[in-house]
$ cat query.txt   # compact mmCIF, C-alpha atoms
# COMPACT_ATOMS: atom_id res chain seq x y z
CA MET C 1 -65.58 -2.89 -0.73
CA THR C 2 -62.11 -3.54 0.72
CA THR C 3 -58.97 -1.44 0.21
CA ASN C 4 -55.61 -3.14 -0.15
CA ASN C 5 -53.05 -0.85 1.56
CA SER C 6 -49.52 -2.14 0.95
CA GLN C 7 -47.93 0.47 3.25
CA PRO C 8 -47.45 -0.94 6.76
CA ASN C 9 -48.77 1.09 9.63
CA LEU C 10 -46.01 2.29 11.99
CA THR C 11 -46.51 1.95 15.66
CA PRO C 12 -46.02 4.99 17.89
CA SER C 13 -42.73 3.59 19.15
CA GLN C 14 -41.46 3.11 15.58
CA ILE C 15 -42.39 6.69 14.69
CA ILE C 16 -40.57 8.00 17.75
CA LYS C 17 -37.53 5.89 16.89
CA ALA C 18 -37.44 7.09 13.25
CA THR C 19 -37.87 10.70 14.33
CA SER C 20 -35.09 10.37 16.86
CA ILE C 21 -32.73 8.87 14.28
CA ALA C 22 -33.49 11.74 11.85
CA LEU C 23 -32.89 14.36 14.52
CA ILE C 24 -29.63 12.77 15.64
CA THR C 25 -28.46 12.47 12.02
CA SER C 26 -29.29 16.13 11.37
CA LEU C 27 -27.45 17.14 14.53
CA ILE C 28 -24.36 15.14 13.53
CA LEU C 29 -24.38 16.68 10.03
CA ALA C 30 -24.74 20.16 11.52
CA VAL C 31 -21.82 19.68 13.91
CA VAL C 32 -19.53 17.82 11.49
CA ALA C 33 -20.33 19.60 8.20
CA VAL C 34 -22.48 22.74 8.49
CA LEU C 35 -20.74 24.49 11.37
CA PRO C 36 -17.19 24.02 9.97
CA ALA C 37 -18.21 24.95 6.40
CA GLU C 38 -20.50 27.89 7.15
CA TYR C 39 -19.14 29.33 10.39
CA GLY C 40 -15.64 27.92 10.72
CA LYS C 41 -16.47 26.16 14.01
CA ASP C 42 -15.08 22.63 14.09
CA TYR C 43 -15.85 21.35 17.58
CA THR C 44 -15.18 17.69 16.83
CA GLY C 45 -12.21 18.02 14.49
CA LEU C 46 -14.03 15.92 11.90
CA GLY C 47 -14.71 18.98 9.76
CA LYS C 48 -10.99 19.26 9.08
CA VAL C 49 -10.69 15.51 8.51
CA PHE C 50 -13.44 15.53 5.87
CA GLY C 51 -12.37 18.85 4.35
CA PHE C 52 -15.42 20.91 5.35
CA THR C 53 -13.31 23.61 7.03
CA LYS C 54 -11.75 24.42 3.63
CA LEU C 55 -15.16 25.58 2.44
CA HIS C 56 -15.35 28.31 5.06
CA GLN C 57 -14.59 31.88 3.96
CA GLU C 58 -14.13 34.69 6.45
CA ASP C 59 -16.58 37.55 6.06
CA ASP C 60 -14.99 40.11 8.31
CA THR C 61 -15.55 43.44 6.63
CA THR C 62 -14.61 45.42 9.73
CA ASN C 63 -10.90 44.56 9.46
CA LYS C 64 -10.57 44.89 5.71
CA THR C 65 -8.65 47.85 4.26
CA VAL C 66 -10.00 49.11 0.97
CA THR C 67 -7.27 50.42 -1.33
CA VAL C 68 -8.36 52.70 -4.15
CA THR C 69 -6.00 52.53 -7.13
CA PRO C 70 -5.95 55.57 -9.42
CA THR C 71 -7.06 54.94 -12.97
CA PHE C 72 -4.70 55.80 -15.80
CA LYS C 73 -5.37 56.36 -19.47
CA GLU C 74 -3.89 53.97 -22.00
CA LEU C 75 -0.46 55.14 -23.11
CA THR C 76 0.18 55.40 -26.84
CA LEU C 77 2.85 56.72 -29.21
CA ASN C 78 1.31 60.16 -28.80
CA ASN C 79 2.58 60.16 -25.19
CA VAL C 80 6.21 59.67 -26.25
CA GLY C 81 8.46 62.70 -26.64
CA SER C 82 7.72 66.18 -27.94
CA ALA C 83 5.35 66.85 -30.82
CA PRO C 84 6.58 65.78 -34.28
CA ASN C 85 6.67 69.39 -35.45
CA VAL C 86 9.17 70.37 -32.72
CA PRO C 87 12.70 70.15 -34.22
CA MET C 88 15.73 68.93 -32.31
CA PRO C 89 18.09 71.82 -31.44
CA ILE C 90 21.24 71.82 -33.56
CA GLU C 91 23.32 71.08 -30.43
CA GLY C 92 21.78 67.60 -30.40
CA LYS C 93 23.96 66.76 -33.39
CA ASN C 94 27.21 67.77 -31.67
CA PRO C 95 29.87 65.03 -31.45
CA ALA C 96 30.44 63.18 -28.20
CA PRO C 97 33.19 64.49 -25.90
CA THR C 98 36.52 62.68 -25.66
CA LYS C 99 36.00 62.19 -21.93
CA GLN C 100 32.83 61.44 -20.01
CA PHE C 101 31.93 62.54 -16.48
CA GLU C 102 33.57 60.54 -13.71
CA SER C 103 31.61 57.46 -12.67
CA ARG C 104 29.69 57.83 -9.44
CA LYS C 105 26.90 56.30 -7.38
CA ASP C 106 24.05 58.06 -5.58
CA SER C 107 20.80 57.40 -3.76
CA ILE C 108 18.27 60.21 -3.84
CA ASN C 109 14.88 60.61 -2.18
CA VAL C 110 12.27 62.89 -3.72
CA THR C 111 8.69 63.52 -2.68
CA VAL C 112 5.90 63.78 -5.25
CA PRO C 113 3.05 65.77 -3.64
CA ALA C 114 -0.50 64.47 -3.83
CA GLY C 115 -2.17 65.44 -7.08
CA LYS C 116 0.97 67.08 -8.49
CA GLY C 117 3.98 66.33 -10.67
CA ILE C 118 7.70 66.99 -10.30
CA GLU C 119 10.88 66.45 -12.33
CA TYR C 120 14.17 64.97 -11.21
CA LYS C 121 17.05 65.09 -13.69
CA ILE C 122 20.80 64.59 -13.90
CA ALA C 123 23.39 66.02 -16.32
CA VAL C 124 24.77 63.51 -18.81
CA LEU C 125 27.14 64.06 -21.72
CA LYS C 126 26.50 62.59 -25.16
CA TYR C 127 26.91 58.77 -25.03
CA GLY C 128 27.27 58.83 -21.26
CA GLN C 129 26.05 55.59 -19.66
CA VAL C 130 23.73 55.48 -16.64
CA LYS C 131 22.05 52.66 -14.72
CA TYR C 132 19.10 53.35 -12.44
CA ALA C 133 16.56 51.75 -10.16
CA TRP C 134 13.74 53.53 -8.39
CA LYS C 135 10.72 52.59 -6.28
CA THR C 136 7.95 54.31 -4.36
CA ASN C 137 7.12 53.89 -0.70
CA GLN C 138 3.48 53.44 -1.68
CA GLY C 139 1.23 53.80 -4.70
CA ILE C 140 1.71 54.11 -8.44
CA LEU C 141 3.06 57.10 -10.35
CA PHE C 142 2.78 58.17 -13.96
CA LEU C 143 6.29 58.70 -15.29
CA ASP C 144 7.95 60.04 -18.39
CA MET C 145 11.68 59.31 -18.46
CA HIS C 146 13.19 61.67 -21.02
CA GLY C 147 16.09 63.90 -21.98
CA ASP C 148 16.37 67.57 -22.94
CA VAL C 149 19.09 68.80 -25.28
CA LYS C 150 21.54 71.29 -23.76
CA SER C 151 20.89 74.20 -26.06
CA ALA C 152 21.19 77.95 -26.31
CA ASP C 153 17.49 77.90 -27.16
CA THR C 154 16.02 77.26 -23.74
CA LYS C 155 12.46 77.43 -25.12
CA SER C 156 12.80 74.88 -27.93
CA GLY C 157 10.39 72.47 -26.22
CA TYR C 158 12.18 69.43 -27.65
CA PHE C 159 12.61 66.30 -25.57
CA GLU C 160 12.99 62.60 -26.25
CA SER C 161 11.15 60.03 -24.12
CA TYR C 162 12.91 56.80 -23.21
CA THR C 163 10.10 55.28 -21.13
CA VAL C 164 6.50 56.31 -20.44
CA ALA C 165 4.59 54.17 -17.94
CA ASN C 166 2.52 53.89 -14.78
CA SER C 167 4.51 52.05 -12.13
CA ASN C 168 5.74 51.90 -8.54
CA ASN C 169 9.15 50.42 -9.39
CA MET C 170 11.48 50.41 -12.37
CA ALA C 171 15.10 49.59 -13.22
CA GLY C 172 17.13 49.95 -16.39
CA SER C 173 19.95 51.75 -18.17
CA PHE C 174 20.38 54.25 -20.97
CA ILE C 175 23.05 55.86 -23.13
CA ALA C 176 22.38 59.56 -23.54
CA PRO C 177 21.75 60.38 -27.23
CA TYR C 178 22.91 63.98 -26.66
CA GLU C 179 24.31 66.19 -23.93
CA GLY C 180 21.69 67.59 -21.63
CA LYS C 181 19.41 66.95 -18.66
CA HIS C 182 18.06 63.42 -18.44
CA GLY C 183 15.66 62.02 -15.87
CA TRP C 184 12.05 61.63 -14.84
CA TYR C 185 8.80 63.50 -14.70
CA PHE C 186 6.67 61.90 -11.98
CA LYS C 187 2.91 62.60 -11.64
CA ASN C 188 1.05 61.61 -8.48
CA LYS C 189 -2.68 61.11 -9.07
CA SER C 190 -3.41 59.89 -5.55
CA ASP C 191 -4.52 61.91 -2.52
CA ALA C 192 -1.36 61.19 -0.51
CA ASP C 193 2.27 62.24 -0.96
CA ILE C 194 4.51 59.56 -2.46
CA GLU C 195 8.22 59.26 -1.77
CA VAL C 196 10.51 57.96 -4.51
CA THR C 197 13.95 56.48 -3.86
CA ILE C 198 16.21 56.72 -6.92
CA ASN C 199 19.47 54.75 -7.05
CA LEU C 200 21.95 55.80 -9.74
CA THR C 201 25.32 54.65 -10.99
CA GLY C 202 27.24 55.78 -14.06
CA GLU C 203 28.68 58.74 -15.90
CA TYR C 204 26.67 61.77 -14.79
CA GLN C 205 26.58 64.76 -12.48
CA LEU C 206 23.86 65.77 -10.04
CA ILE C 207 22.06 69.00 -10.80
CA ASN C 208 21.70 71.31 -7.81
CA LYS C 209 18.30 72.97 -7.70
$ encode --input "query.txt" --output "structure tokens"
Amino acid sequence: MTTNNSQPNLTPSQIIKATSIALITSLILAVVAVLPAEYGKDYTGLGKVFGFTKLHQEDDTTNKTVTVTPTFKELTLNNVGSAPNVPMPIEGKNPAPTKQFESRKDSINVTVPAGKGIEYKIAVLKYGQVKYAWKTNQGILFLDMHGDVKSADTKSGYFESYTVANSNNMAGSFIAPYEGKHGWYFKNKSDADIEVTINLTGEYQLINK
């Protein structure tokens, strides 16, 4: 019985030649493609030509700085102003003065301690106009920008919020709806002090604390 084998038998020299070609091809692929893509090493410059170096991503965890951002609750209408059952003091209905405070411009720095909250306010007459811009040196603060009515009842608890947010920078303007103290409550939820620079221009007076 004879067996018909259609596969040719390779000679030792042909096997050595085929093996050598495979090894050389693998070496070329490693140098041109694998090293630039996996390790960022492009010894021949062909990795850049063929775009393999673009596939490389640095994995250097030793030089990476991990920043932990505080989490904040979603803000809703319930966060705006005093409770609905707190009435506005009668002084809030007083007419506007015939003359506003002289226009001025100031830049103020305040520090919000880690884990605490502070207030910074200015005195504004009814319908006084103020522009502001503030920013932190680092991190995000919770803020409630609001105004208190100047009233004989110092314990009324009434205030009106203009903006409630979590931010590291904000700019805007407002017209005071009543005479009183207007400004910001800042809350720092991080573990490091945060400095706030507040720039003001308009019809107001600084309040000395």
$ atom_distance --input "query.txt" --atom1 "atom CA of Gly128 of chain C" --atom2 "atom CA of Lys105 of chain C"
14.1 Å
$ residues_around --input "query.txt" --residues "segment 130-132 of chain C" --least-positions-apart "3" --cutoff "10 Å" --atoms "all atoms listed in the file" --output "compact mmCIF listing (two decimals) with C-alpha atoms, keeping the file's coordinate frame"
# COMPACT_ATOMS: atom_id res chain seq x y z
CA SER C 103 31.61 57.46 -12.67
CA ARG C 104 29.69 57.83 -9.44
CA LYS C 105 26.90 56.30 -7.38
CA ASP C 106 24.05 58.06 -5.58
CA SER C 107 20.80 57.40 -3.76
CA ILE C 122 20.80 64.59 -13.90
CA VAL C 124 24.77 63.51 -18.81
CA TYR C 127 26.91 58.77 -25.03
CA MET C 170 11.48 50.41 -12.37
CA ALA C 171 15.10 49.59 -13.22
CA GLY C 172 17.13 49.95 -16.39
CA SER C 173 19.95 51.75 -18.17
CA PHE C 174 20.38 54.25 -20.97
CA ILE C 175 23.05 55.86 -23.13
CA ALA C 176 22.38 59.56 -23.54
CA HIS C 182 18.06 63.42 -18.44
CA GLY C 183 15.66 62.02 -15.87
CA ILE C 198 16.21 56.72 -6.92
CA ASN C 199 19.47 54.75 -7.05
CA LEU C 200 21.95 55.80 -9.74
CA THR C 201 25.32 54.65 -10.99
CA GLY C 202 27.24 55.78 -14.06
CA GLU C 203 28.68 58.74 -15.90
CA TYR C 204 26.67 61.77 -14.79
$ atom_distance --input "query.txt" --atom1 "atom CA of Lys135 of chain C" --atom2 "atom CA of Ala192 of chain C"
15.9 Å
$ atom_distance --input "query.txt" --atom1 "atom CA of Asn137 of chain C" --atom2 "atom CA of Phe159 of chain C"
28.3 Å
$ closest_residue --input "query.txt" --among "C:Gly180, C:Pro95, C:Gly139, C:Pro89" --to "Asn166 of chain C" --atoms "all atoms listed in the file"
C:Gly139
$ closest_residue --input "query.txt" --among "C:Leu125, C:Ala133, C:Met145, C:Ile16" --to "Gln205 of chain C" --atoms "all atoms listed in the file"
C:Leu125
$ closest_residue --input "query.txt" --among "C:Val112, C:Ile28, C:Leu206, C:Ala123" --to "Phe142 of chain C" --atoms "only C-alpha atoms"
C:Val112
$ residues_around --input "query.txt" --residues "Gly115 of chain C" --least-positions-apart "5" --cutoff "6 Å" --atoms "only C-alpha atoms" --output "NGL selection string"
:C and (188-190)
$ residues_around --input "query.txt" --residues "segment 150-158 of chain C" --least-positions-apart "5" --cutoff "9 Å" --atoms "only C-alpha atoms" --output "ChimeraX atom specification"
/C:81-83,86-92,178-181
$ residues_near_point --input "query.txt" --point "(14.3, 64.2, -10.5)" --cutoff "7 Å" --atoms "all atoms listed in the file" --output "PyMOL selection string"
chain C and resi 119-121+183-185
$ write_last_selection --input "query.txt" --atoms "C-alpha atoms" --output "tab-separated table (two decimals), keeping the file's coordinate frame"
chain	number	residue	atom	x	y	z
C	119	GLU	CA	10.88	66.45	-12.33
C	120	TYR	CA	14.17	64.97	-11.21
C	121	LYS	CA	17.05	65.09	-13.69
C	183	GLY	CA	15.66	62.02	-15.87
C	184	TRP	CA	12.05	61.63	-14.84
C	185	TYR	CA	8.80	63.50	-14.70
$ axis_aligned_box --input "query.txt" --around "segment 196-208 of chain C" --padding-each-side "5 Å" --output "AutoDock Vina command-line options"
--center_x 19.6 --center_y 63.0 --center_z -9.9 --size_x 28.2 --size_y 26.7 --size_z 22.0
$ closest_residue --input "query.txt" --among "C:Glu38, C:Lys126, C:Leu23, C:Ala114" --to "Ala96 of chain C" --atoms "all atoms listed in the file"
C:Lys126
$ closest_residue --input "query.txt" --among "C:Val149, C:Val110, C:Leu46, C:Ala22" --to "Lys93 of chain C" --atoms "only C-alpha atoms"
C:Val149
